[in-house]
Every structure is written in structure tokens, then in C-alpha cells.
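*Asks:* data16.cif is reproduced in full below (mmCIF, C-alpha atoms).
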```cif
data_coords
#
loop_
_atom_site.label_atom_id
_atom_site.label_comp_id
_atom_site.auth_asym_id
_atom_site.auth_seq_id
_atom_site.Cartn_x
_atom_site.Cartn_y
_atom_site.Cartn_z
CA MET A 1 -107.86 -147.25 12.31
CA SER A 2 -107.95 -143.74 13.75
CA LYS A 3 -105.06 -142.70 11.47
CA VAL A 4 -106.89 -144.10 8.45
CA LYS A 5 -110.04 -142.17 9.39
CA GLU A 6 -108.01 -139.01 9.89
CA LEU A 7 -106.34 -139.48 6.50
CA LEU A 8 -109.70 -140.03 4.78
CA LEU A 9 -111.11 -136.96 6.52
CA CYS A 10 -108.17 -134.86 5.34
CA ILE A 11 -108.59 -136.14 1.77
CA VAL A 12 -112.30 -135.32 1.75
CA THR A 13 -111.68 -131.92 3.35
CA TYR A 14 -109.17 -130.92 0.68
CA THR A 15 -111.01 -132.56 -2.21
CA ALA A 16 -114.43 -130.98 -1.59
CA PRO A 17 -113.39 -127.32 -2.10
CA ILE A 18 -111.20 -128.27 -5.06
CA MET A 19 -114.16 -130.01 -6.71
CA THR A 20 -116.41 -127.04 -5.99
CA VAL A 21 -113.98 -124.51 -7.43
CA GLY A 22 -113.29 -126.82 -10.36
CA ALA A 23 -116.99 -127.12 -11.18
CA ILE A 24 -117.39 -123.33 -11.08
CA VAL A 25 -114.33 -122.81 -13.29
CA LEU A 26 -115.55 -125.40 -15.81
CA LEU A 27 -119.01 -123.84 -15.92
CA LEU A 28 -117.71 -120.31 -16.34
CA GLY A 29 -115.12 -121.44 -18.86
CA PHE A 30 -117.70 -123.25 -20.97
CA LEU A 31 -120.04 -120.26 -20.83
CA CYS A 32 -117.26 -117.85 -21.79
CA ILE A 33 -116.06 -120.02 -24.67
CA LYS A 34 -119.58 -120.28 -26.07
CA GLY A 35 -120.79 -116.79 -25.19
CA ILE A 36 -117.88 -114.40 -25.79
CA PRO A 37 -118.01 -114.77 -29.61
CA ALA A 38 -121.62 -113.52 -29.47
CA LEU A 39 -120.83 -110.39 -27.45
CA SER A 40 -121.30 -107.33 -29.63
CA LEU A 41 -123.47 -104.26 -29.94
CA SER A 42 -125.72 -106.16 -32.31
CA LEU A 43 -126.44 -108.69 -29.54
CA LEU A 44 -127.74 -105.86 -27.36
CA PHE A 45 -129.32 -103.52 -29.90
CA GLY A 46 -129.81 -105.62 -33.04
CA ASP A 47 -129.95 -103.44 -36.14
CA SER A 48 -130.87 -100.31 -34.18
CA SER A 49 -128.40 -97.56 -33.37
CA PRO A 50 -127.28 -97.61 -29.71
CA VAL A 51 -127.47 -93.82 -29.57
CA ASP A 52 -131.05 -93.78 -30.85
CA VAL A 53 -132.04 -96.56 -28.45
CA LEU A 54 -130.45 -95.01 -25.36
CA PHE A 55 -131.31 -91.36 -25.96
CA HIS A 56 -134.29 -91.31 -28.30
CA GLY A 57 -136.26 -94.37 -27.22
CA MET A 58 -136.03 -96.27 -30.50
CA PRO A 59 -137.47 -99.79 -30.11
CA VAL A 60 -135.18 -102.82 -30.35
CA PHE A 61 -136.50 -105.90 -32.15
CA ASP A 62 -133.48 -108.17 -32.71
CA GLY A 63 -131.40 -107.44 -29.58
CA ILE A 64 -131.58 -108.23 -25.89
CA TRP A 65 -131.47 -104.65 -24.58
CA PRO A 66 -135.19 -104.69 -23.58
CA ALA A 67 -134.54 -107.95 -21.70
CA CYS A 68 -131.62 -106.34 -19.84
CA VAL A 69 -133.77 -103.38 -18.83
CA GLY A 70 -136.71 -105.62 -17.89
CA THR A 71 -134.49 -107.83 -15.72
CA LEU A 72 -133.05 -104.79 -13.96
CA TYR A 73 -136.51 -103.36 -13.31
CA LEU A 74 -137.71 -106.73 -12.05
CA VAL A 75 -134.82 -107.15 -9.61
CA LEU A 76 -135.01 -103.61 -8.27
CA LEU A 77 -138.78 -103.68 -7.85
CA SER A 78 -138.95 -107.12 -6.21
CA CYS A 79 -136.01 -106.42 -3.88
CA SER A 80 -137.42 -103.02 -2.89
CA MET A 81 -140.53 -104.87 -1.69
CA SER A 82 -138.95 -107.93 -0.08
CA ILE A 83 -135.72 -106.65 1.51
CA PRO A 84 -137.17 -104.01 3.89
CA ILE A 85 -140.00 -106.31 4.99
CA GLY A 86 -137.66 -109.29 5.34
CA ILE A 87 -135.05 -107.45 7.36
CA MET A 88 -137.57 -105.84 9.72
CA THR A 89 -139.33 -109.19 10.18
CA GLY A 90 -136.01 -110.87 10.94
CA ILE A 91 -135.12 -108.17 13.47
CA TYR A 92 -138.46 -108.60 15.21
CA LEU A 93 -138.16 -112.39 15.34
CA ALA A 94 -134.58 -112.31 16.63
CA GLU A 95 -134.92 -109.51 19.16
CA PHE A 96 -138.48 -108.86 20.24
CA ALA A 97 -140.83 -111.72 19.33
CA PRO A 98 -142.09 -113.97 22.16
CA GLU A 99 -141.16 -117.61 21.81
CA ASN A 100 -144.73 -118.84 21.30
CA PHE A 101 -145.04 -116.47 18.32
CA LYS A 102 -141.52 -116.95 16.95
CA ARG A 103 -141.81 -120.73 16.50
CA PRO A 104 -144.85 -120.80 14.16
CA VAL A 105 -143.58 -117.81 12.16
CA THR A 106 -140.18 -119.48 11.74
CA PHE A 107 -141.87 -122.68 10.60
CA LEU A 108 -143.99 -120.81 8.07
CA THR A 109 -140.92 -118.95 6.82
CA ASP A 110 -139.05 -122.21 6.28
CA LEU A 111 -142.12 -123.62 4.56
CA LEU A 112 -142.27 -120.61 2.25
CA ALA A 113 -138.57 -121.03 1.44
CA GLY A 114 -139.25 -124.56 0.23
CA ILE A 115 -142.10 -123.69 -2.13
CA PRO A 116 -141.15 -124.35 -5.79
CA SER A 117 -141.04 -121.27 -7.96
CA ILE A 118 -143.61 -122.67 -10.37
CA ILE A 119 -146.12 -122.78 -7.50
CA MET A 120 -145.48 -119.09 -6.88
CA GLY A 121 -146.08 -118.42 -10.55
CA LEU A 122 -149.40 -120.28 -10.39
CA PHE A 123 -150.27 -118.23 -7.30
CA GLY A 124 -149.71 -115.01 -9.25
CA PHE A 125 -151.76 -116.27 -12.19
CA ALA A 126 -154.59 -117.33 -9.86
CA LEU A 127 -154.42 -113.92 -8.19
CA ILE A 128 -155.09 -112.25 -11.54
CA LEU A 129 -158.02 -114.59 -12.23
CA LEU A 130 -159.46 -113.78 -8.80
CA ALA A 131 -159.08 -110.06 -9.42
CA ARG A 132 -160.80 -110.31 -12.80
CA ASN A 133 -163.77 -112.15 -11.32
CA THR A 134 -164.20 -109.76 -8.38
CA PHE A 135 -163.21 -106.12 -8.13
CA PHE A 136 -160.76 -105.59 -11.04
CA PRO A 137 -162.22 -107.04 -14.25
CA HIS A 138 -159.47 -105.44 -16.35
CA ALA A 139 -156.54 -106.78 -14.30
CA VAL A 140 -153.71 -108.21 -16.39
CA THR A 141 -150.35 -109.79 -15.77
CA GLY A 142 -147.33 -107.56 -15.99
CA LEU A 143 -144.12 -106.38 -14.40
CA TRP A 144 -145.78 -105.58 -11.07
CA LEU A 145 -147.19 -109.09 -10.68
CA SER A 146 -143.87 -110.78 -11.46
CA ALA A 147 -142.09 -108.51 -9.00
CA LEU A 148 -144.69 -109.22 -6.31
CA CYS A 149 -144.40 -113.00 -6.73
CA ILE A 150 -140.61 -112.93 -6.74
CA ALA A 151 -140.63 -110.66 -3.68
CA VAL A 152 -142.67 -113.29 -1.81
CA LEU A 153 -140.34 -115.99 -3.11
CA VAL A 154 -137.13 -114.31 -1.86
CA LEU A 155 -138.62 -113.01 1.38
CA PRO A 156 -137.48 -116.04 3.44
CA TYR A 157 -133.84 -115.44 2.46
CA CYS A 158 -133.88 -111.97 4.02
CA ILE A 159 -135.76 -113.14 7.11
CA ASN A 160 -133.62 -116.20 7.84
CA THR A 161 -130.26 -114.54 7.24
CA THR A 162 -131.24 -111.59 9.44
CA VAL A 163 -132.36 -113.89 12.25
CA ILE A 164 -129.18 -115.97 11.99
CA ALA A 165 -126.92 -112.91 11.85
CA LEU A 166 -128.47 -111.40 14.99
CA SER A 167 -128.80 -114.68 16.89
CA SER A 168 -125.14 -115.57 16.30
CA LEU A 169 -123.89 -112.44 18.11
CA PRO A 170 -122.50 -112.93 21.64
CA GLU A 171 -125.10 -112.74 24.36
CA GLU A 172 -122.94 -110.21 26.22
CA LEU A 173 -123.83 -107.61 23.62
CA LYS A 174 -127.39 -107.57 24.90
CA LEU A 175 -126.06 -106.08 28.13
CA THR A 176 -123.97 -103.40 26.41
CA GLY A 177 -126.93 -101.22 25.44
CA PRO A 178 -128.70 -101.23 28.84
CA SER A 179 -125.38 -100.54 30.57
CA LEU A 180 -125.07 -97.38 28.46
CA GLY A 181 -128.66 -96.35 29.14
CA PHE A 182 -130.05 -97.45 25.78
CA SER A 183 -133.58 -98.74 25.37
CA PRO A 184 -133.99 -102.22 23.80
CA VAL A 185 -134.81 -100.63 20.44
CA GLN A 186 -131.78 -98.32 20.59
CA SER A 187 -129.55 -101.20 21.63
CA THR A 188 -130.74 -103.25 18.68
CA PHE A 189 -130.38 -100.55 16.04
CA TYR A 190 -127.18 -98.88 17.29
CA ILE A 191 -125.19 -101.88 18.54
CA ARG A 192 -126.44 -105.25 17.38
CA ILE A 193 -127.53 -104.50 13.80
CA PRO A 194 -124.21 -102.84 12.81
CA LEU A 195 -122.33 -105.87 14.14
CA ALA A 196 -124.65 -108.24 12.23
CA LEU A 197 -124.50 -106.20 9.04
CA ARG A 198 -122.29 -108.66 7.16
CA GLY A 199 -124.77 -111.49 7.62
CA ILE A 200 -127.75 -109.27 6.78
CA MET A 201 -126.10 -108.10 3.58
CA SER A 202 -125.46 -111.74 2.67
CA GLY A 203 -129.22 -112.23 2.68
CA ILE A 204 -129.63 -109.20 0.42
CA ILE A 205 -127.08 -110.60 -2.02
CA LEU A 206 -128.86 -113.97 -2.05
CA SER A 207 -132.15 -112.19 -2.70
CA ILE A 208 -130.68 -110.30 -5.65
CA GLY A 209 -129.36 -113.50 -7.19
CA ARG A 210 -132.64 -115.33 -6.66
CA ALA A 211 -134.68 -112.48 -8.12
CA SER A 212 -132.52 -112.13 -11.23
CA GLU A 213 -132.41 -115.77 -12.31
CA ASP A 214 -135.91 -117.15 -11.82
CA THR A 215 -137.78 -118.21 -14.94
CA ALA A 216 -140.75 -120.29 -13.78
CA VAL A 217 -142.40 -117.40 -11.93
CA ILE A 218 -142.18 -114.87 -14.73
CA LEU A 219 -143.42 -117.34 -17.36
CA LEU A 220 -146.89 -117.18 -15.80
CA THR A 221 -146.96 -113.58 -14.61
CA GLY A 222 -146.15 -111.24 -17.46
CA VAL A 223 -142.96 -111.94 -19.43
CA VAL A 224 -143.39 -112.28 -23.21
CA ALA A 225 -141.09 -112.33 -26.21
CA ASN A 226 -140.50 -109.08 -28.11
CA ALA A 227 -142.40 -106.95 -25.59
CA GLY A 228 -139.87 -104.13 -25.68
CA VAL A 229 -138.85 -101.94 -22.77
CA PRO A 230 -141.68 -101.72 -20.17
CA ARG A 231 -143.22 -98.27 -20.03
CA ASN A 232 -144.93 -98.71 -16.66
CA LEU A 233 -145.43 -101.27 -13.88
CA PHE A 234 -148.49 -102.78 -15.57
CA ASP A 235 -146.83 -103.36 -18.94
CA LYS A 236 -145.57 -106.64 -20.37
CA TYR A 237 -141.80 -107.00 -20.39
CA GLU A 238 -138.85 -109.11 -21.45
CA ALA A 239 -136.27 -110.70 -19.14
CA LEU A 240 -132.89 -112.32 -19.67
CA PRO A 241 -133.73 -115.70 -18.04
CA PHE A 242 -136.77 -116.05 -20.28
CA LYS A 243 -134.70 -114.98 -23.30
CA VAL A 244 -132.16 -117.72 -22.57
CA TYR A 245 -134.95 -120.27 -22.17
CA TYR A 246 -136.67 -119.10 -25.36
CA LEU A 247 -133.51 -119.23 -27.47
CA ALA A 248 -132.43 -122.59 -26.09
CA ALA A 249 -135.83 -124.15 -26.71
CA GLN A 250 -136.61 -122.70 -30.13
CA PHE A 251 -133.32 -121.89 -31.85
CA GLN A 252 -133.37 -122.44 -35.59
CA SER A 253 -129.66 -122.05 -36.34
CA PRO A 254 -126.27 -122.23 -34.61
CA ALA A 255 -126.20 -118.43 -34.63
CA GLU A 256 -129.33 -118.26 -32.48
CA LEU A 257 -127.89 -120.84 -30.08
CA THR A 258 -124.71 -118.75 -29.83
CA GLN A 259 -126.92 -115.74 -29.10
CA GLY A 260 -128.45 -117.76 -26.27
CA PHE A 261 -125.02 -118.36 -24.75
CA GLY A 262 -124.21 -114.68 -25.12
CA THR A 263 -127.48 -113.78 -23.40
CA ALA A 264 -126.62 -116.13 -20.52
CA LEU A 265 -123.24 -114.46 -20.20
CA ILE A 266 -124.87 -111.02 -20.16
CA LEU A 267 -127.22 -112.24 -17.41
CA LEU A 268 -124.23 -113.43 -15.40
CA LEU A 269 -122.46 -110.10 -15.89
CA GLN A 270 -125.55 -108.12 -14.89
CA THR A 271 -126.01 -110.21 -11.75
CA THR A 272 -122.32 -109.79 -10.92
CA CYS A 273 -122.66 -106.01 -11.23
CA LEU A 274 -125.61 -106.07 -8.83
CA PHE A 275 -123.56 -108.17 -6.40
CA LEU A 276 -120.69 -105.69 -6.61
CA VAL A 277 -123.04 -102.82 -5.86
CA ALA A 278 -124.34 -104.71 -2.80
CA HIS A 279 -120.76 -105.38 -1.63
CA TYR A 280 -119.88 -101.72 -2.12
CA LEU A 281 -122.86 -100.64 -0.03
CA ARG A 282 -121.88 -103.10 2.69
CA ARG A 283 -118.30 -101.85 2.82
CA THR A 284 -119.54 -98.25 2.84
CA MET A 285 -121.82 -98.98 5.80
CA GLU A 286 -119.07 -100.83 7.65
CA ARG A 287 -116.67 -97.89 7.23
CA LYS A 288 -119.40 -95.51 8.39
CA TRP A 289 -120.23 -97.46 11.54
CA PHE A 290 -116.81 -98.80 12.42
#
```
Reformat the file's structure so that it appears as C-alpha cells.
*Replies:*
Amino acid sequence: MSKVKELLLCIVTYTAPIMTVGAIVLLLGFLCIKGIPALSLSLLFGDSSPVDVLFHGMPVFDGIWPACVGTLYLVLLSCSMSIPIGIMTGIYLAEFAPENFKRPVTFLTDLLAGIPSIIMGLFGFALILLARNTFFPHAVTGLWLSALCIAVLVLPYCINTTVIALSSLPEELKLTGPSLGFSPVQSTFYIRIPLALRGIMSGIILSIGRASEDTAVILLTGVVANAGVPRNLFDKYEALPFKVYYLAAQFQSPAELTQGFGTALILLLQTTCLFLVAHYLRRTMERKWF
């Protein structure tokens, strides 16, 4: 019986990663087959000239270039708010927080991580209604509100991965800093954080992916069709996830459906580029510190 169990365990162990990789390959293959025929300059810029759009600010009406720019702005703005706060909160919880404070904060962080994105979108919409009825009667939804809601949504990823990365280090490292005459803060920032950098950067990468793909939040907080490139933080904007949803729900011809697949492929490529930038920064920091 033990040999049978061992054989079954080996089969499951080898089958699980094969099924995972196979599912990813099938998904990417299907998306490439459907989306590559749509890739062209007209998909990005429509009937407008790319030179006029990029260098002279000509508006784009039939392409997805404004959605690409809006998605990039949204990711950068939301991550610039959530990542520093999340990492510093994780460092405090892992290194300095007393146990009677760490437990409730950890519970609330896990609770926040489980909140559906549509609830966060409703929170942002309710926040605008509250502002209109109190101190800011002219408050409107826009890029800033979407970025704020997504920043709150991805905040638990940064906190939890930072806590796990620091807590998984050997306990002996806590003695290395004091033995060299370092204060607890110096020991944390000069010894423990560089060694936990890989795990911390994993949280950053997860945050980038979460911020770039969410649709439910931005539906209620400022994204609209044909808004153009946002001119400021308070402007309406377009985003690639919403563009995919819009085309898939309201396509009138096979060409528009193919454009939706192409838009999804562009979203995947943009997210991949952001991931590569994060990996490059991680490798640069590792070479600098080690």
C-alpha cells in the first residue's frame, strides 16, 4: 500500500506542473492566434498618424493608444502610492511591531486582501458622493480616484510579501547587526532588507499585475470610452482592461472582436514589460548590495 501511495504521489507531483504549464501555453497560444492578426499601427492609432499623435498631441478616436497611456498612468500612480506604504508597513510589522499590535493589523490586512474589487469600486464611488455632499461639491471621478482605490486594493500584497520575506530569514541574522555595533534600524535596513529583497520585489511584481488588470474598480471610478489621453490626475481616462471588456460586450462585427483580442494581447505585452522592468531593478539592486 505504501508503494501505491508513493506512486500516486509521484504521478500527482509530475502531473500538476505539466497541467499548469499546459494551461498557460494553451491560453497564450489561443490569445496569440486570435490577437496577432489584429496587431498593427491602426490598432494603436486608428486613422491618425503615429508621428502626429506622439509628437504633436493629435487625438486618437479609433485606436487603443489612449487606453495604453491611461493604463500606464494608472499602474504607475497606484503603485507609487501603495508600494512605499506597503513595504514600510511590512517592515514595521516584521521587525518592530509588538505582538499585541501585530496580530490585529495582520488580521485586517488579510481581510483587506479578501475584499472583492467591485466593493472597492463602490467605496470610491461612495467617497465621491460624500465629498460632493460635504466639502467638495465639484468633486468628480477620475484617474486619481481609480489609482487611489487600486492602491488600497493592492496594498495587502506589498505588506504580506514583505512580512513573509523578512520573517523567513534565519534568526541568527538578528544577531549579526548588534555584533557589529548596528542599531536595530541599521541592522534591518543594511542587513535584513537586502537579504529579503527577492521576496519584497515579488510583492511589487504582484502589485503591478493586480493594478494593471483590474476592471471592476475602474468601471465605477473614472474610466470611460473614447476619453482620450488624460491631461491631468482629475481627468477621465481610458484603460486597456475596460477596452477589452467594452469590445467583448458590444462588438458589432468579427473585426471588432478581433480588435478585442489584439487589445488583450497588448495589455499582456504591456504588463510583461512592466514585469521586466521590475526584474531589472531587482537584479540591479542585488548586484549593488551583493
*Asks:* What is the distance between CA of Leu220 (chain A) and CA of Asn232 (chain A), in Å to one decimal?
*Replies:*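 About the pair CA of Leu220 (chain A) and CA of Asn232 (chain A): they are 18.6 Å apart.
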*Asks:* Have a look at A:Pro137, A:Gly121, A:Gly63, A:Gly181 and name the one nearest to Val217 (chain A); count all atoms listed in the file.
*Replies:*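 Between A:Pro137, A:Gly121, A:Gly63, A:Gly181, the residue approaching Val217 (chain A) most closely is A:Gly121.
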*Asks:* Please write the residues picked by the PyMOL selection byres ((chain A and resi 119) around 12) on this file as JSON, numbers by chain.
*Replies:* {"A": [112, 113, 114, 115, 116, 117, 118, 120, 121, 122, 123, 124, 125, 126, 149, 150, 152, 153, 216, 217, 218, 219, 220, 221]}
*Asks:* Write out, as a compact mmCIF listing (two decimals), in the frame of the given file, the residues just selected, with C-alpha atoms.
*Replies:*
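Wrote out-v1.txt, looks like this:
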```txt
# COMPACT_ATOMS: atom_id res chain seq x y z
CA LEU A 112 -142.27 -120.61 2.25
CA ALA A 113 -138.57 -121.03 1.44
CA GLY A 114 -139.25 -124.56 0.23
CA ILE A 115 -142.10 -123.69 -2.13
CA PRO A 116 -141.15 -124.35 -5.79
CA SER A 117 -141.04 -121.27 -7.96
CA ILE A 118 -143.61 -122.67 -10.37
CA MET A 120 -145.48 -119.09 -6.88
CA GLY A 121 -146.08 -118.42 -10.55
CA LEU A 122 -149.40 -120.28 -10.39
CA PHE A 123 -150.27 -118.23 -7.30
CA GLY A 124 -149.71 -115.01 -9.25
CA PHE A 125 -151.76 -116.27 -12.19
CA ALA A 126 -154.59 -117.33 -9.86
CA CYS A 149 -144.40 -113.00 -6.73
CA ILE A 150 -140.61 -112.93 -6.74
CA VAL A 152 -142.67 -113.29 -1.81
CA LEU A 153 -140.34 -115.99 -3.11
CA ALA A 216 -140.75 -120.29 -13.78
CA VAL A 217 -142.40 -117.40 -11.93
CA ILE A 218 -142.18 -114.87 -14.73
CA LEU A 219 -143.42 -117.34 -17.36
CA LEU A 220 -146.89 -117.18 -15.80
CA THR A 221 -146.96 -113.58 -14.61
```
*Asks:* Can you translate the PyMOL selection byres ((chain A and resi 73) around 12) into the concrete residues it hits in this file, as a PyMOL selection string?
*Replies:* chain A and resi 66-72+74-80+142-144+146-147+208+211-212+229-233+235-240
*Asks:* Tell me which of A:Gly209, A:Thr258, A:Phe96, A:Ala249 sits closest to Pro184 (chain A), counting only C-alpha atoms.
*Replies:*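 When distances to Pro184 (chain A) are compared using only C-alpha atoms, the smallest one comes from A:Phe96.
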*Asks:* Rebuild region 66-77 of chain A to all heavy atoms - output it as a PDB file, in the frame of the given file, please.
*Replies:*
```pdb
ATOM      1  N   PRO A  66    -133.958-104.731 -24.395  1.00  0.00           N
ATOM      2  CA  PRO A  66    -135.190-104.690 -23.580  1.00  0.00           C
ATOM      3  C   PRO A  66    -135.201-105.750 -22.479  1.00  0.00           C
ATOM      4  O   PRO A  66    -135.735-105.498 -21.390  1.00  0.00           O
ATOM      5  CB  PRO A  66    -136.297-104.952 -24.610  1.00  0.00           C
ATOM      6  CG  PRO A  66    -135.717-104.529 -25.908  1.00  0.00           C
ATOM      7  CD  PRO A  66    -134.270-104.891 -25.836  1.00  0.00           C
ATOM      8  N   ALA A  67    -134.605-106.913 -22.734  1.00  0.00           N
ATOM      9  CA  ALA A  67    -134.540-107.950 -21.700  1.00  0.00           C
ATOM     10  C   ALA A  67    -133.616-107.537 -20.565  1.00  0.00           C
ATOM     11  O   ALA A  67    -133.893-107.828 -19.387  1.00  0.00           O
ATOM     12  CB  ALA A  67    -134.083-109.274 -22.306  1.00  0.00           C
ATOM     13  N   CYS A  68    -132.518-106.846 -20.890  1.00  0.00           N
ATOM     14  CA  CYS A  68    -131.620-106.340 -19.840  1.00  0.00           C
ATOM     15  C   CYS A  68    -132.334-105.329 -18.958  1.00  0.00           C
ATOM     16  O   CYS A  68    -132.247-105.382 -17.720  1.00  0.00           O
ATOM     17  CB  CYS A  68    -130.375-105.719 -20.466  1.00  0.00           C
ATOM     18  SG  CYS A  68    -129.313-106.847 -21.380  1.00  0.00           S
ATOM     19  N   VAL A  69    -133.047-104.406 -19.595  1.00  0.00           N
ATOM     20  CA  VAL A  69    -133.770-103.380 -18.830  1.00  0.00           C
ATOM     21  C   VAL A  69    -134.896-104.022 -18.011  1.00  0.00           C
ATOM     22  O   VAL A  69    -135.094-103.689 -16.839  1.00  0.00           O
ATOM     23  CB  VAL A  69    -134.334-102.313 -19.787  1.00  0.00           C
ATOM     24  CG1 VAL A  69    -135.161-101.286 -19.012  1.00  0.00           C
ATOM     25  CG2 VAL A  69    -133.201-101.623 -20.526  1.00  0.00           C
ATOM     26  N   GLY A  70    -135.632-104.957 -18.610  1.00  0.00           N
ATOM     27  CA  GLY A  70    -136.710-105.620 -17.890  1.00  0.00           C
ATOM     28  C   GLY A  70    -136.205-106.404 -16.692  1.00  0.00           C
ATOM     29  O   GLY A  70    -136.835-106.389 -15.628  1.00  0.00           O
ATOM     30  N   THR A  71    -135.066-107.087 -16.845  1.00  0.00           N
ATOM     31  CA  THR A  71    -134.490-107.830 -15.720  1.00  0.00           C
ATOM     32  C   THR A  71    -134.079-106.886 -14.600  1.00  0.00           C
ATOM     33  O   THR A  71    -134.307-107.164 -13.417  1.00  0.00           O
ATOM     34  CB  THR A  71    -133.287-108.646 -16.198  1.00  0.00           C
ATOM     35  OG1 THR A  71    -133.687-109.521 -17.252  1.00  0.00           O
ATOM     36  CG2 THR A  71    -132.714-109.475 -15.051  1.00  0.00           C
ATOM     37  N   LEU A  72    -133.467-105.763 -14.965  1.00  0.00           N
ATOM     38  CA  LEU A  72    -133.050-104.790 -13.960  1.00  0.00           C
ATOM     39  C   LEU A  72    -134.256-104.220 -13.219  1.00  0.00           C
ATOM     40  O   LEU A  72    -134.246-104.128 -11.978  1.00  0.00           O
ATOM     41  CB  LEU A  72    -132.257-103.665 -14.624  1.00  0.00           C
ATOM     42  CG  LEU A  72    -131.692-102.593 -13.685  1.00  0.00           C
ATOM     43  CD1 LEU A  72    -130.703-103.204 -12.701  1.00  0.00           C
ATOM     44  CD2 LEU A  72    -131.008-101.487 -14.488  1.00  0.00           C
ATOM     45  N   TYR A  73    -135.293-103.855 -13.947  1.00  0.00           N
ATOM     46  CA  TYR A  73    -136.510-103.360 -13.310  1.00  0.00           C
ATOM     47  C   TYR A  73    -137.108-104.420 -12.371  1.00  0.00           C
ATOM     48  O   TYR A  73    -137.553-104.113 -11.259  1.00  0.00           O
ATOM     49  CB  TYR A  73    -137.551-102.979 -14.361  1.00  0.00           C
ATOM     50  CG  TYR A  73    -137.266-101.703 -15.110  1.00  0.00           C
ATOM     51  CD1 TYR A  73    -138.016-101.342 -16.229  1.00  0.00           C
ATOM     52  CD2 TYR A  73    -136.243-100.851 -14.709  1.00  0.00           C
ATOM     53  CE1 TYR A  73    -137.763-100.166 -16.918  1.00  0.00           C
ATOM     54  CE2 TYR A  73    -135.983 -99.685 -15.403  1.00  0.00           C
ATOM     55  CZ  TYR A  73    -136.737 -99.352 -16.505  1.00  0.00           C
ATOM     56  OH  TYR A  73    -136.483 -98.185 -17.189  1.00  0.00           O
ATOM     57  N   LEU A  74    -137.128-105.651 -12.835  1.00  0.00           N
ATOM     58  CA  LEU A  74    -137.710-106.730 -12.050  1.00  0.00           C
ATOM     59  C   LEU A  74    -136.952-106.944 -10.746  1.00  0.00           C
ATOM     60  O   LEU A  74    -137.558-107.081  -9.674  1.00  0.00           O
ATOM     61  CB  LEU A  74    -137.707-108.020 -12.881  1.00  0.00           C
ATOM     62  CG  LEU A  74    -138.342-109.265 -12.246  1.00  0.00           C
ATOM     63  CD1 LEU A  74    -139.836-109.062 -12.067  1.00  0.00           C
ATOM     64  CD2 LEU A  74    -138.070-110.483 -13.127  1.00  0.00           C
ATOM     65  N   VAL A  75    -135.631-106.945 -10.817  1.00  0.00           N
ATOM     66  CA  VAL A  75    -134.820-107.150  -9.610  1.00  0.00           C
ATOM     67  C   VAL A  75    -134.982-105.994  -8.640  1.00  0.00           C
ATOM     68  O   VAL A  75    -135.192-106.191  -7.434  1.00  0.00           O
ATOM     69  CB  VAL A  75    -133.341-107.338  -9.996  1.00  0.00           C
ATOM     70  CG1 VAL A  75    -132.455-107.358  -8.755  1.00  0.00           C
ATOM     71  CG2 VAL A  75    -133.152-108.628 -10.785  1.00  0.00           C
ATOM     72  N   LEU A  76    -134.902-104.775  -9.150  1.00  0.00           N
ATOM     73  CA  LEU A  76    -135.010-103.610  -8.270  1.00  0.00           C
ATOM     74  C   LEU A  76    -136.381-103.526  -7.616  1.00  0.00           C
ATOM     75  O   LEU A  76    -136.491-103.233  -6.409  1.00  0.00           O
ATOM     76  CB  LEU A  76    -134.713-102.334  -9.057  1.00  0.00           C
ATOM     77  CG  LEU A  76    -133.284-102.181  -9.585  1.00  0.00           C
ATOM     78  CD1 LEU A  76    -133.155-100.881 -10.373  1.00  0.00           C
ATOM     79  CD2 LEU A  76    -132.272-102.223  -8.458  1.00  0.00           C
ATOM     80  N   LEU A  77    -137.429-103.790  -8.381  1.00  0.00           N
ATOM     81  CA  LEU A  77    -138.780-103.680  -7.850  1.00  0.00           C
ATOM     82  C   LEU A  77    -139.055-104.781  -6.822  1.00  0.00           C
ATOM     83  O   LEU A  77    -139.602-104.507  -5.738  1.00  0.00           O
ATOM     84  CB  LEU A  77    -139.787-103.741  -8.984  1.00  0.00           C
ATOM     85  CG  LEU A  77    -141.261-103.515  -8.619  1.00  0.00           C
ATOM     86  CD1 LEU A  77    -141.443-102.162  -7.961  1.00  0.00           C
ATOM     87  CD2 LEU A  77    -142.139-103.631  -9.864  1.00  0.00           C
TER      88      LEU A  77
END
```
